[in-house]
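To keep things clear, I will list the structure first and then write my remarks on it.
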Amino acid sequence: MKPIVLTASTDMELALLVEQLGGAPLAGLGHLKAWRAAAPSGAGEVILAVTGIGKVNAACAATLVVERCAPRLLINTGCGGAMAGSGLVVGDLAVASAECFPEEGVQTPQGWRGLDLIGIPAAVRGDARIFNEVPLAAGAAHQALELARREGYRVALGPFHTVSTCSGTAEHGTELARRYPGICENMEGAALAQVAFIYDIPFLEVRGISNLVEDRDLSRWNLKLAVTEVQKFLIKFLQFYSSSS
Ligand SMILES: O=C(O)c1cccc(C(=O)CC[C@H]2O[C@@H](n3cnc4c(=O)[nH]cnc43)[C@H](O)[C@@H]2O)c1
């Protein structure tokens with residue numbers, strides 16, 4: 001059976017999963033720090049890998065794990081910023097319905113425009129072309145949303161933004177939201193989603209909310225709560241998913 005691969009940008013965002021699943025260090029995934037564990041249901045394996053921060057690290061890691069592990073599902077997790085209007089607060093969960101690159105494009109005299117203005121897609125698979133927005137198959141996202149609700153988590157489903165420049169002002173977040181709708185800002189997800197799109201592999205992204213997209217105030221952040229909540233949820237999701245698929 002093909003494995004499930006689970007990625008995050010830092011060790012902290014995987015530590016509880018590695019501990020609870022009894023992960024053993026896994027060599028042979030290039031530069032990536034990785035572990036392997038039996039899936040909670042006993043059906044197949046889960047591979048956990050740290051990508052590093054940002055889109056370039058995420059795309060490199062995704063390509064490596066997809067080429068070497070041929071996963072049946074690629075899951076990305078970590079913390080993220082709740083965008084205005086999402087209704088999310090620190091400690092909540094966010095599930096991606098789509099991923100988006102809200103910065104790739106052209107600053108024209110008339111304002112910012114996306115990659116469609118240039119006319120060169122970011123990726124092509126068969127007849128499908130993607131520009132700034134990466135669609136995700138609904139299956140795993142809806143399963144995660146329903147399970148999270150059943151387990152009593154506060155959770156929202158919606159499009160995510162993957163940025164190079166984090167929104168450290170509410171105004172910057174509002175500007176990006178004018179370009180594309182979004183509920184959760186992060187720095188890796190769309191890159192992993194694009195690789196999953198190219199290889200036609202189901203992709204799920206669930207993040208714990210560590211902060212709001214607002215004027216930067218680190219005293220209002222709670223990284224520990226965010227990464228704990230989302231990892232506790234993903235342990236339940238792996239139990240559910242690996243026994244049902
Ligand atoms: O110091 C800052 O201003 C700052 C801004 C954004 C993120 C950080 C981090 O320490 C975490 C980076 C890490 O977490 C994800 N993340 C979490 N919140 C956000 C956000 O509001 N915007 C973008 N990324 C966020 C991200 O995926 C990184 O992996 C510090």
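All residue names refer to the structure tokens as shown: chains lettered A, B, ... in order, residues numbered from 1 in each chain, ligands numbered from 1 in order.
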Mind dumping a table of every chain A residue within 9 Å of ligand 1, with the nearest atom pair and its distance in Å to one decimal, using only C-alpha atoms and all ligand atoms, sorted by chain and rising number, as JSON lines?
```
{"residue": "A:Ala8", "atom": "CA", "partner": "ligand 1", "partner_atom_place_in_ligand_line": "29 (O)", "distance": 7.6}
{"residue": "A:Ser9", "atom": "CA", "partner": "ligand 1", "partner_atom_place_in_ligand_line": "29 (O)", "distance": 5.1}
{"residue": "A:Thr10", "atom": "CA", "partner": "ligand 1", "partner_atom_place_in_ligand_line": "29 (O)", "distance": 7.0}
{"residue": "A:Gly52", "atom": "CA", "partner": "ligand 1", "partner_atom_place_in_ligand_line": "29 (O)", "distance": 7.5}
{"residue": "A:Ile53", "atom": "CA", "partner": "ligand 1", "partner_atom_place_in_ligand_line": "29 (O)", "distance": 4.9}
{"residue": "A:Gly54", "atom": "CA", "partner": "ligand 1", "partner_atom_place_in_ligand_line": "29 (O)", "distance": 6.4}
{"residue": "A:Thr77", "atom": "CA", "partner": "ligand 1", "partner_atom_place_in_ligand_line": "27 (O)", "distance": 8.7}
{"residue": "A:Gly78", "atom": "CA", "partner": "ligand 1", "partner_atom_place_in_ligand_line": "27 (O)", "distance": 6.6}
{"residue": "A:Cys79", "atom": "CA", "partner": "ligand 1", "partner_atom_place_in_ligand_line": "17 (C)", "distance": 4.8}
{"residue": "A:Gly80", "atom": "CA", "partner": "ligand 1", "partner_atom_place_in_ligand_line": "17 (C)", "distance": 3.5}
{"residue": "A:Gly81", "atom": "CA", "partner": "ligand 1", "partner_atom_place_in_ligand_line": "21 (O)", "distance": 3.5}
{"residue": "A:Ala82", "atom": "CA", "partner": "ligand 1", "partner_atom_place_in_ligand_line": "21 (O)", "distance": 6.9}
{"residue": "A:Met83", "atom": "CA", "partner": "ligand 1", "partner_atom_place_in_ligand_line": "21 (O)", "distance": 8.1}
{"residue": "A:His161", "atom": "CA", "partner": "ligand 1", "partner_atom_place_in_ligand_line": "23 (C)", "distance": 8.2}
{"residue": "A:Thr162", "atom": "CA", "partner": "ligand 1", "partner_atom_place_in_ligand_line": "23 (C)", "distance": 7.1}
{"residue": "A:Val163", "atom": "CA", "partner": "ligand 1", "partner_atom_place_in_ligand_line": "23 (C)", "distance": 6.3}
{"residue": "A:Ser164", "atom": "CA", "partner": "ligand 1", "partner_atom_place_in_ligand_line": "23 (C)", "distance": 7.9}
{"residue": "A:Thr165", "atom": "CA", "partner": "ligand 1", "partner_atom_place_in_ligand_line": "23 (C)", "distance": 7.5}
{"residue": "A:Cys166", "atom": "CA", "partner": "ligand 1", "partner_atom_place_in_ligand_line": "22 (N)", "distance": 4.5}
{"residue": "A:Ser167", "atom": "CA", "partner": "ligand 1", "partner_atom_place_in_ligand_line": "22 (N)", "distance": 5.8}
{"residue": "A:Gly168", "atom": "CA", "partner": "ligand 1", "partner_atom_place_in_ligand_line": "3 (O)", "distance": 5.7}
{"residue": "A:Cys184", "atom": "CA", "partner": "ligand 1", "partner_atom_place_in_ligand_line": "21 (O)", "distance": 7.7}
{"residue": "A:Glu185", "atom": "CA", "partner": "ligand 1", "partner_atom_place_in_ligand_line": "22 (N)", "distance": 4.7}
{"residue": "A:Asn186", "atom": "CA", "partner": "ligand 1", "partner_atom_place_in_ligand_line": "24 (N)", "distance": 3.4}
{"residue": "A:Met187", "atom": "CA", "partner": "ligand 1", "partner_atom_place_in_ligand_line": "27 (O)", "distance": 3.8}
{"residue": "A:Glu188", "atom": "CA", "partner": "ligand 1", "partner_atom_place_in_ligand_line": "27 (O)", "distance": 5.5}
{"residue": "A:Gly189", "atom": "CA", "partner": "ligand 1", "partner_atom_place_in_ligand_line": "27 (O)", "distance": 7.4}
{"residue": "A:Arg207", "atom": "CA", "partner": "ligand 1", "partner_atom_place_in_ligand_line": "15 (C)", "distance": 8.8}
{"residue": "A:Gly208", "atom": "CA", "partner": "ligand 1", "partner_atom_place_in_ligand_line": "17 (C)", "distance": 8.7}
{"residue": "A:Ile209", "atom": "CA", "partner": "ligand 1", "partner_atom_place_in_ligand_line": "18 (N)", "distance": 7.3}
{"residue": "A:Ser210", "atom": "CA", "partner": "ligand 1", "partner_atom_place_in_ligand_line": "18 (N)", "distance": 5.9}
{"residue": "A:Asn211", "atom": "CA", "partner": "ligand 1", "partner_atom_place_in_ligand_line": "18 (N)", "distance": 5.9}
{"residue": "A:Leu212", "atom": "CA", "partner": "ligand 1", "partner_atom_place_in_ligand_line": "21 (O)", "distance": 6.4}
{"residue": "A:Val213", "atom": "CA", "partner": "ligand 1", "partner_atom_place_in_ligand_line": "21 (O)", "distance": 5.3}
{"residue": "A:Glu214", "atom": "CA", "partner": "ligand 1", "partner_atom_place_in_ligand_line": "21 (O)", "distance": 8.3}
{"residue": "A:Arg216", "atom": "CA", "partner": "ligand 1", "partner_atom_place_in_ligand_line": "3 (O)", "distance": 6.1}
{"residue": "A:Asp217", "atom": "CA", "partner": "ligand 1", "partner_atom_place_in_ligand_line": "3 (O)", "distance": 8.0}
{"residue": "A:Leu218", "atom": "CA", "partner": "ligand 1", "partner_atom_place_in_ligand_line": "1 (O)", "distance": 7.1}
{"residue": "A:Trp221", "atom": "CA", "partner": "ligand 1", "partner_atom_place_in_ligand_line": "18 (N)", "distance": 8.6}
{"residue": "A:Leu223", "atom": "CA", "partner": "ligand 1", "partner_atom_place_in_ligand_line": "11 (C)", "distance": 7.8}
```
Could you list, as JSON, numbers by chain, every residue within 9 Å of Tyr241 in chain A, counting only C-alpha atoms and ignoring same-chain residues fewer than 5 positions away? {"A": [41, 140, 143, 144, 236]}
Store the residues picked out above in a file with N, CA, C and O atoms, as a short mmCIF file (atom, residue, chain, number, x, y, z; two decimals), in the first residue's frame.
```
data_model
loop_
_atom_site.label_atom_id
_atom_site.label_comp_id
_atom_site.auth_asym_id
_atom_site.auth_seq_id
_atom_site.Cartn_x
_atom_site.Cartn_y
_atom_site.Cartn_z
N SER A 41 -4.12 2.95 11.98
CA SER A 41 -5.03 1.80 11.80
C SER A 41 -4.25 0.52 11.52
O SER A 41 -4.84 -0.55 11.45
N ALA A 140 -10.71 14.77 0.49
CA ALA A 140 -10.00 14.72 1.77
C ALA A 140 -10.33 15.95 2.61
O ALA A 140 -10.45 15.86 3.84
N GLN A 143 -13.67 15.46 4.25
CA GLN A 143 -13.55 14.45 5.32
C GLN A 143 -12.91 15.09 6.55
O GLN A 143 -13.35 14.85 7.69
N ALA A 144 -11.87 15.89 6.33
CA ALA A 144 -11.19 16.53 7.46
C ALA A 144 -12.12 17.52 8.16
O ALA A 144 -12.19 17.56 9.39
N LYS A 236 -6.05 12.00 14.85
CA LYS A 236 -7.41 11.45 14.68
C LYS A 236 -7.72 11.27 13.20
O LYS A 236 -8.33 10.27 12.79
#
```
Determine, counting only C-alpha atoms, which protein, DNA and RNA residues have an atom within 12 Å of an atom of range 135-137 of chain A; residues of the same chain fewer than 2 positions away are not included. Present the result as a ChimeraX atom specification. /A:73-75,95-101,123,128-133,139-143,157-160,189-190,192-198,200-205
Expected answer as a PyMOL selection string: strand (DSSP E) residues in range 107-196 of chain A: chain A and resi 107-108+111-114+123-125+128-130+133-135+155-162+184-186
Create the file for the chosen residues now, containing C-alpha atoms and written as a PDB file, in the first residue's frame.
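Result went into again_37.pdb, see below:
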```pdb
ATOM      1  CA  GLN A 107       2.360  45.488 -10.929  1.00  0.00           C
ATOM      2  CA  THR A 108       0.905  47.574 -13.775  1.00  0.00           C
ATOM      3  CA  GLY A 111      -2.782  48.059 -10.393  1.00  0.00           C
ATOM      4  CA  TRP A 112      -1.693  44.498  -9.609  1.00  0.00           C
ATOM      5  CA  ARG A 113      -2.599  41.688 -12.044  1.00  0.00           C
ATOM      6  CA  GLY A 114      -2.081  37.922 -11.760  1.00  0.00           C
ATOM      7  CA  ALA A 123       1.697  24.466 -14.189  1.00  0.00           C
ATOM      8  CA  VAL A 124      -0.049  22.318 -16.776  1.00  0.00           C
ATOM      9  CA  ARG A 125      -1.440  18.793 -16.467  1.00  0.00           C
ATOM     10  CA  ALA A 128      -5.727  21.734 -17.013  1.00  0.00           C
ATOM     11  CA  ARG A 129      -3.675  24.941 -16.591  1.00  0.00           C
ATOM     12  CA  ILE A 130      -3.202  26.779 -13.341  1.00  0.00           C
ATOM     13  CA  GLU A 133      -4.953  29.459  -7.896  1.00  0.00           C
ATOM     14  CA  VAL A 134      -4.347  25.739  -7.330  1.00  0.00           C
ATOM     15  CA  PRO A 135      -7.603  23.763  -7.097  1.00  0.00           C
ATOM     16  CA  VAL A 155     -12.800  24.886  12.083  1.00  0.00           C
ATOM     17  CA  ALA A 156     -13.329  26.638   8.743  1.00  0.00           C
ATOM     18  CA  LEU A 157     -12.898  25.462   5.154  1.00  0.00           C
ATOM     19  CA  GLY A 158     -11.777  27.960   2.510  1.00  0.00           C
ATOM     20  CA  PRO A 159      -8.968  29.072   0.186  1.00  0.00           C
ATOM     21  CA  PHE A 160      -5.467  29.600   1.604  1.00  0.00           C
ATOM     22  CA  HIS A 161      -2.879  32.223   0.585  1.00  0.00           C
ATOM     23  CA  THR A 162       0.799  31.297   0.301  1.00  0.00           C
ATOM     24  CA  CYS A 184      -5.551  31.493   6.079  1.00  0.00           C
ATOM     25  CA  GLU A 185      -2.126  32.895   5.195  1.00  0.00           C
ATOM     26  CA  ASN A 186       0.995  30.717   5.163  1.00  0.00           C
TER      27      ASN A 186
END
```
Extract the full set of alpha helix (DSSP H) residues from range 50-206 of chain A according to DSSP on the backbone, and format it as a VMD selection string. chain A and resid 55 to 69 115 to 118 138 to 150 170 to 179 189 to 199
If we count only C-alpha atoms and set the cut-off at 12 Å, which residues sit around Leu26 in chain A, ignoring sequence neighbours fewer than 4 positions away in its own chain? Please answer as a count of residues only. 16
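For Leu176 in chain A, the set of protein, DNA and RNA residues having any atom at most 9 Å away, when counting only C-alpha atoms and skipping those fewer than 3 positions along the same chain, is Pro102, Glu103, His161, Ser167, Glu171, His172, Gly173, Arg179, Tyr180, Pro181 and Gly182 of chain A.
When only C-alpha atoms are used to compute distances to Gly126 in chain A, the closest of the residues A:Asp215, A:Ser244, A:Pro40, A:Tyr199 turns out to be A:Tyr199.
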Point-to-point distance in Å for CA of Leu88 in chain A and CA of Ala138 in chain A: 20.7 Å
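Pairwise distance (CA of Leu225 in chain A, CA of Ala148 in chain A) equals 16.2 Å.
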What separates CA of Leu16 in chain A and CA of Ala58 in chain A is a distance of 20.5 Å
Taking into account only C-alpha atoms, which residue in the set A:Leu6, A:Ala27, A:Val106, A:Ala39 is nearest to Thr51 in chain A?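 Of A:Leu6, A:Ala27, A:Val106, A:Ala39, the one nearest Thr51 in chain A is A:Leu6, counting only C-alpha atoms.
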Between A:Ala62, A:Leu145, A:Ala24, A:Ala38, which is the closest to Ala94 in chain A once you count only C-alpha atoms?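 The answer is A:Leu145, which sits nearest to Ala94 in chain A.
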Between A:Leu64, A:Val5, A:Leu14, A:Val230, which residue has the minimum interatomic distance to Gly28 in chain A, considering only C-alpha atoms? A:Leu64
